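J.: Mind looking over this structure? Questions follow.
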Amino acid sequence: MSEVILQIDGKEVSATEGMTVLQAARSAGIFIPTLCYHEKLEPFAGCRLCIVEAEASGESRLIVSCVSAVEKDLVIKTRSERVDRIRKTLLELLLAHAPDSPKLQDLAVEYGADKNRFEKDASFCVHCGLCVRYCAEVVKKNAVGFVGRGTKKEICFVPEIASVECNDCKECFPLCPTSYLQAAFVLTEALAFPNTSSEPDSE
Amino acid sequence: MARINSPEKLEKARQEILSRRKPDAPCISICAGAGCLAFGASEVIDAFKAEVEKQGLTVDVDIKKTGCPGFCERGPVVVIFPEEICYLQVKPQDVPEIVSQTIKEKKIVERLLYVDPTTDEKAIHESDIPFYKNQQRNIICDNIKIDSKILDDYLAIGGYEALSKVLFQMSADDVLAEVKASQLRGRGGAGFPVWRKWEGTRNSPGEIKYLVVNADEGDPGAFMDRALLEGNPHSILEGLIIGAHTIGSNEGYFYVRQEYPLAMENLGIAIRQAKEYGLLGKDILGSGFDFNVEVHRGAGAFVCGEETALLRSLEGKPGEPTPRPPYPAVKGLWEKPTNINNVETWANIPLIINKGGAAFASTGTEGSKGTKIFSLVGKITNTGLVEVPMGITLNDIIYKIGGGIPGGKKFKAVQTGGPSGGCIPAEQLNLEVGFDELTKAGSMMGSGGMIVLDEDTCMVDVARYFIDFLTEESCGKCVPCREGLRQMHTILTRITRGEGREGDIELLEVLAETAKEASLCALGKSAPNPFLSTLRYFRDEYDAHIKEKRCPALSCKELISYYIEPDKCQACMICLKKCPVDAIEGGKKKIHVIIQEKCTNCGECFEACPSKFGAIKKLSGEPVPPPIPEAERTFVKKSKEK
């Protein structure tokens, strides 16, 4: 693997070919906010928070750093007026779903995001897919998945698998940026496998 | 039919087919496309078969169930060859007369001809009808000549000649050079140069490469690809095999929209017949080249028309787009180099090979060559499919071909490019149609949808409608699209309900920018277009809704009131009886009054009031005049009329 030199926030960064801009930045100790990224998982590119400005041959464009490969002489700005404005709006959109998420609140302070800017729909899940992908890619159990599409999409435990696998694992719980996942599991547990649940359901 | 295993034998087979056909014998072609079938074309076809048999003409007369020629507004369409007499809106009861008059006596059935609404002149031949006359039909013209279920029909008009030429007389470089010279750009929406995609896939390392036909035509009101799939599937197949040979692929897929059962059927038949003839499968035409295709039926998601989502769906995964790069040409279906083109793009390929790339490029504008099929729908006199040269003006499409706006209404805008396209206003009707031209005007070519809007259309509501569609169809993977569209929809909805707030436009602009800049795929990136283009050209309508709570087009239900003008009301009771909520007071000889508190703004009374009275008025942004006092409601006849 050959070495690629690029510039991030004015700092010369050495990366190896095939690395993403996000990886290169992290290796150089430069912070780029992420929500759906996890080093053990394939990049998802869903939250778009890691968007950065990239300059190459005089042209500036926005790229999503978790899925953009490093290139020689690339000039990256992890903060700019444009980037900050987009991140702020993205955070505000997410806060409409999960206003109490500590991770989102911290970022909201950084980017001046107003959690009341958009009409609330407190569904808590922000569709980062960390739980779904972690269970599929790392644990390889597929006990939790997405159902539905678009705005109606939600996470859902598969009772048949969850009843066997989840109690002893629960590795996905701390990944959830809004703690909603745990609630979803407790609900599934209560409804689907009453024997292990603390509050047995009448059905 | 025995397999054809050389170009000579293909030519021989063609000559045999032609020798069996009598070019002067009458042939009755009836459109069996989805539009005409909905108008009852099946019954017309049955009636022709029965009548021809009854009159003892079975041997002499050919009856053909063909593809869609485009004039859907006047279906079922019947064309009688060789004279090319075109009858419109044919019903089964017209059939005996057509057979005895036109087929036997060579006389015209006048009442079934097209009548020009302005000149009252009748058009006998298809080519005399203004709708057709002003088109340039290079691709769709074959639809009416062939029964897509019969491969011989396609061979009779020179089908697979281009493929034979490619396999035996041209190198892959030659083919690529022709496609490059044609400057053909993808017809599916993005308008990417076809040769570049082909070259990219061809040069990508790897033994296995795939080709895909994107037939997931999902834009509301668009049916160009359906007409080709149903009416001339072999032209697409031929283009695909040519592409396969050029790119170096032995396996292809058709990804067909779930809602197209007839297209699936006709395509399946075409593939089976092409295999039987040796035009598909192993050792095509004896050239040693193998190529197989499979047909995959979509499951009804609009986003699967996006190429990466389509590929994931083909792999059996959820139809969600994945980031590009890697582009499909490098890493596509099952991580192999894959070339995806739209139906119409593939159908252009045989034409380019037969006529030459330079000839193809002689039509069009600087950046857009050849012809393009549009589906012309909405408030337009001649609804249907039109194929026009690139560079034609919107004005020519809407007025010369489309016949203008029905009902004496004024043209307001034309929405092009599918749901994430934009609206182009009357001031820009001289715009030349092309990829770059439409993008510059704030809209896009898309796959060729063209929805005409008249003065009664509220542009804010149009934006709300398309954003609603896109919100429903967003895959939900990325935040700016899923959440941004949802919020845009909420805000647009409240504006059309008269609940718009100061600052809403700015809020929409921020969401539009975020979706445009930060979305993962083209659906999200282009989704704000309906809002942005209507704001660009019709900002005053947004302002009227938000600031004055007024809908200038008198369309938004929550912002209008119905009012009966006392001096025009003839106390005829028609509207009163129609009202579903008993909100109209009055009686015989008693002037009618709408009780505003009860009225649900359904508009039934407005539609019911005879146009010669025109007593019901829509009001918006102004107070409804108080009802006339009881004492003055007695109706006094002003003239003799009852």
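Chain labels follow the order of the structure tokens: the first chain is A, the next B, and so on; residue numbering restarts at 1 in every chain, and ligands are counted from 1 in their shown order.
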Taking only C-alpha atoms into account, report as number ranges by chain which residues of chain B lie within 6 Å of chain A.
T.: B: 474-479, 482, 514
J.: Output the selection as a PDB file, in the first residue's frame - C-alpha atoms for each residue.
T.:
ATOM      1  CA  SER B 474     -37.628   7.921   0.037  1.00  0.00           C
ATOM      2  CA  CYS B 475     -35.794   4.770   1.053  1.00  0.00           C
ATOM      3  CA  GLY B 476     -35.098   6.293   4.464  1.00  0.00           C
ATOM      4  CA  LYS B 477     -31.402   5.596   4.548  1.00  0.00           C
ATOM      5  CA  CYS B 478     -29.980   9.102   4.755  1.00  0.00           C
ATOM      6  CA  VAL B 479     -31.103  11.923   7.030  1.00  0.00           C
ATOM      7  CA  ARG B 482     -35.796  11.083   4.844  1.00  0.00           C
ATOM      8  CA  THR B 514     -29.332  20.328   2.853  1.00  0.00           C
TER       9      THR B 514
END
J.: In Å, how far is it from atom CA of B:Pro96 to atom CA of B:Leu385?
T.: 29.2 Å
J.: Can you pull out every residue from stretch 431-544 of chain B that DSSP, working from the backbone, puts in helix (DSSP H, G or I), and format the result as a VMD selection string?
T.: chain B and resid 435 to 440 459 to 473 479 to 496 504 to 518 522 to 526 529 to 544
J.: Mind the document's chain letters and residue numbers, and return as a list in words the residues of stretch 397-535 of chain B that DSSP labels strand (DSSP E).
T.: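 The strand (DSSP E) subset of stretch 397-535 of chain B is Phe411, Lys412, Ala413, Val414, Gln415, Thr416, Gly422, Cys423, Ile424, Pro425, Gly449, Met450, Ile451, Val452, Leu453 and Asp454 of chain B.
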J.: What does the file look like for those residues with C-alpha atoms, as a PDB file, in the first residue's frame?
T.:
ATOM      1  CA  PHE B 411     -51.286  27.580 -19.844  1.00  0.00           C
ATOM      2  CA  LYS B 412     -49.480  28.036 -16.563  1.00  0.00           C
ATOM      3  CA  ALA B 413     -46.467  25.732 -16.432  1.00  0.00           C
ATOM      4  CA  VAL B 414     -45.111  22.435 -17.599  1.00  0.00           C
ATOM      5  CA  GLN B 415     -43.628  20.050 -15.084  1.00  0.00           C
ATOM      6  CA  THR B 416     -40.814  18.009 -16.586  1.00  0.00           C
ATOM      7  CA  GLY B 422     -39.328  21.204 -11.889  1.00  0.00           C
ATOM      8  CA  CYS B 423     -41.969  23.504 -13.310  1.00  0.00           C
ATOM      9  CA  ILE B 424     -41.233  25.724 -16.275  1.00  0.00           C
ATOM     10  CA  PRO B 425     -43.478  28.797 -16.692  1.00  0.00           C
ATOM     11  CA  GLY B 449     -42.355  12.980 -18.117  1.00  0.00           C
ATOM     12  CA  MET B 450     -44.159  16.161 -19.149  1.00  0.00           C
ATOM     13  CA  ILE B 451     -47.152  17.261 -17.129  1.00  0.00           C
ATOM     14  CA  VAL B 452     -48.959  20.327 -18.406  1.00  0.00           C
ATOM     15  CA  LEU B 453     -50.575  22.572 -15.813  1.00  0.00           C
ATOM     16  CA  ASP B 454     -53.245  25.184 -16.507  1.00  0.00           C
TER      17      ASP B 454
END
J.: Contacts of A:Val21 at 10 Å or less, counting only C-alpha atoms, minus same-chain residues fewer than 5 places along, as a PyMOL selection string?
T.: chain A and resi 6+8+15+26-27+32+50+52+54+63-71+74+76
J.: I need the chosen residues saved as a compact mmCIF listing (two decimals), in the first residue's frame, with all heavy atoms.
T.:
# COMPACT_ATOMS: atom_id res chain seq x y z
N LEU A 6 -2.17 14.06 2.13
CA LEU A 6 -3.23 15.03 1.89
C LEU A 6 -3.21 16.06 2.99
O LEU A 6 -2.46 15.93 3.96
CB LEU A 6 -4.59 14.36 1.76
CG LEU A 6 -5.23 13.70 2.98
CD1 LEU A 6 -6.72 13.58 2.77
CD2 LEU A 6 -4.64 12.33 3.26
N ILE A 8 -5.44 18.14 5.78
CA ILE A 8 -6.71 18.27 6.47
C ILE A 8 -6.60 19.43 7.46
O ILE A 8 -5.71 19.44 8.31
CB ILE A 8 -7.09 16.96 7.23
CG1 ILE A 8 -7.10 15.76 6.26
CG2 ILE A 8 -8.45 17.11 7.90
CD1 ILE A 8 -7.40 14.42 6.92
N ALA A 15 -1.57 9.19 4.86
CA ALA A 15 -2.52 8.08 4.93
C ALA A 15 -2.08 6.99 3.98
O ALA A 15 -1.22 7.21 3.14
CB ALA A 15 -3.91 8.58 4.56
N ARG A 26 -9.02 10.82 11.62
CA ARG A 26 -8.96 10.25 12.98
C ARG A 26 -7.53 9.84 13.35
O ARG A 26 -7.10 10.05 14.48
CB ARG A 26 -9.89 9.05 13.08
CG ARG A 26 -11.35 9.50 12.96
CD ARG A 26 -12.25 8.81 13.93
NE ARG A 26 -13.51 9.55 13.99
CZ ARG A 26 -14.67 9.03 14.31
NH1 ARG A 26 -14.75 7.77 14.63
NH2 ARG A 26 -15.76 9.78 14.34
N SER A 27 -6.83 9.27 12.38
CA SER A 27 -5.47 8.83 12.67
C SER A 27 -4.57 10.01 12.98
O SER A 27 -3.55 9.88 13.66
CB SER A 27 -4.92 8.01 11.50
OG SER A 27 -4.64 8.87 10.42
N ILE A 32 -13.95 14.61 13.38
CA ILE A 32 -15.07 14.84 12.46
C ILE A 32 -16.27 14.15 13.11
O ILE A 32 -16.18 12.98 13.47
CB ILE A 32 -14.81 14.23 11.06
CG1 ILE A 32 -13.61 14.89 10.38
CG2 ILE A 32 -16.05 14.36 10.17
CD1 ILE A 32 -13.20 14.26 9.06
N CYS A 50 -20.65 13.51 8.80
CA CYS A 50 -19.21 13.57 8.57
C CYS A 50 -18.87 14.25 7.24
O CYS A 50 -17.78 14.12 6.72
CB CYS A 50 -18.60 12.18 8.63
SG CYS A 50 -19.09 11.13 7.26
N VAL A 52 -17.64 16.87 4.67
CA VAL A 52 -16.54 17.85 4.75
C VAL A 52 -16.38 18.51 3.38
O VAL A 52 -16.93 18.04 2.39
CB VAL A 52 -15.20 17.19 5.15
CG1 VAL A 52 -15.24 16.66 6.57
CG2 VAL A 52 -14.80 16.10 4.17
N ALA A 54 -14.06 19.39 0.29
CA ALA A 54 -12.84 18.88 -0.33
C ALA A 54 -12.46 19.75 -1.52
O ALA A 54 -13.31 20.11 -2.33
CB ALA A 54 -13.06 17.45 -0.80
N ILE A 63 -17.98 16.31 0.34
CA ILE A 63 -17.90 14.86 0.29
C ILE A 63 -18.23 14.28 1.66
O ILE A 63 -18.08 14.96 2.67
CB ILE A 63 -16.52 14.34 -0.19
CG1 ILE A 63 -15.40 14.81 0.76
CG2 ILE A 63 -16.23 14.76 -1.62
CD1 ILE A 63 -14.09 14.07 0.55
N VAL A 64 -18.69 13.07 1.65
CA VAL A 64 -19.01 12.40 2.91
C VAL A 64 -17.78 11.58 3.28
O VAL A 64 -17.40 10.64 2.57
CB VAL A 64 -20.27 11.54 2.75
CG1 VAL A 64 -20.54 10.72 3.99
CG2 VAL A 64 -21.46 12.45 2.48
N SER A 65 -17.12 11.98 4.38
CA SER A 65 -15.77 11.48 4.62
C SER A 65 -15.70 9.99 4.95
O SER A 65 -14.68 9.35 4.71
CB SER A 65 -15.09 12.30 5.71
OG SER A 65 -15.81 12.21 6.92
N CYS A 66 -16.79 9.40 5.45
CA CYS A 66 -16.72 7.98 5.82
C CYS A 66 -16.68 7.06 4.61
O CYS A 66 -16.37 5.88 4.73
CB CYS A 66 -17.86 7.60 6.76
SG CYS A 66 -19.47 7.54 5.96
N VAL A 67 -17.06 7.58 3.43
CA VAL A 67 -17.05 6.72 2.25
C VAL A 67 -16.18 7.29 1.13
O VAL A 67 -16.18 6.78 0.01
CB VAL A 67 -18.47 6.47 1.69
CG1 VAL A 67 -19.23 5.53 2.59
CG2 VAL A 67 -19.24 7.76 1.49
N SER A 68 -15.44 8.38 1.43
CA SER A 68 -14.60 8.95 0.38
C SER A 68 -13.15 8.56 0.62
O SER A 68 -12.60 8.80 1.69
CB SER A 68 -14.74 10.48 0.39
OG SER A 68 -16.08 10.82 0.15
N ALA A 69 -12.56 7.99 -0.40
CA ALA A 69 -11.18 7.53 -0.28
C ALA A 69 -10.23 8.73 -0.33
O ALA A 69 -10.52 9.74 -0.96
CB ALA A 69 -10.86 6.57 -1.41
N VAL A 70 -9.11 8.59 0.36
CA VAL A 70 -8.10 9.65 0.31
C VAL A 70 -7.51 9.72 -1.10
O VAL A 70 -7.44 8.72 -1.81
CB VAL A 70 -6.96 9.41 1.34
CG1 VAL A 70 -7.48 9.62 2.74
CG2 VAL A 70 -6.36 8.02 1.18
N GLU A 71 -7.16 10.94 -1.48
CA GLU A 71 -6.52 11.14 -2.78
C GLU A 71 -5.30 12.04 -2.55
O GLU A 71 -5.30 12.85 -1.64
CB GLU A 71 -7.46 11.87 -3.75
CG GLU A 71 -8.58 11.04 -4.31
CD GLU A 71 -9.63 11.91 -4.99
OE1 GLU A 71 -9.25 12.88 -5.67
OE2 GLU A 71 -10.82 11.64 -4.80
N LEU A 74 -5.31 16.13 -1.93
CA LEU A 74 -6.65 16.56 -1.56
C LEU A 74 -6.53 17.54 -0.39
O LEU A 74 -5.74 17.34 0.53
CB LEU A 74 -7.44 15.32 -1.12
CG LEU A 74 -8.96 15.37 -1.18
CD1 LEU A 74 -9.44 15.60 -2.61
CD2 LEU A 74 -9.53 14.05 -0.67
N ILE A 76 -8.68 19.11 2.55
CA ILE A 76 -9.94 18.91 3.26
C ILE A 76 -10.14 19.98 4.32
O ILE A 76 -9.21 20.32 5.06
CB ILE A 76 -9.96 17.53 3.98
CG1 ILE A 76 -9.80 16.38 2.96
CG2 ILE A 76 -11.21 17.35 4.83
CD1 ILE A 76 -11.01 16.11 2.13
J.: Please determine, counting only C-alpha atoms, which residue among B:Tyr465, B:Ser519, B:Ile495, B:Phe360 has the shortest atom-to-atom distance to B:Thr322.
T.: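 Smallest distance to B:Thr322 is found for B:Ser519.
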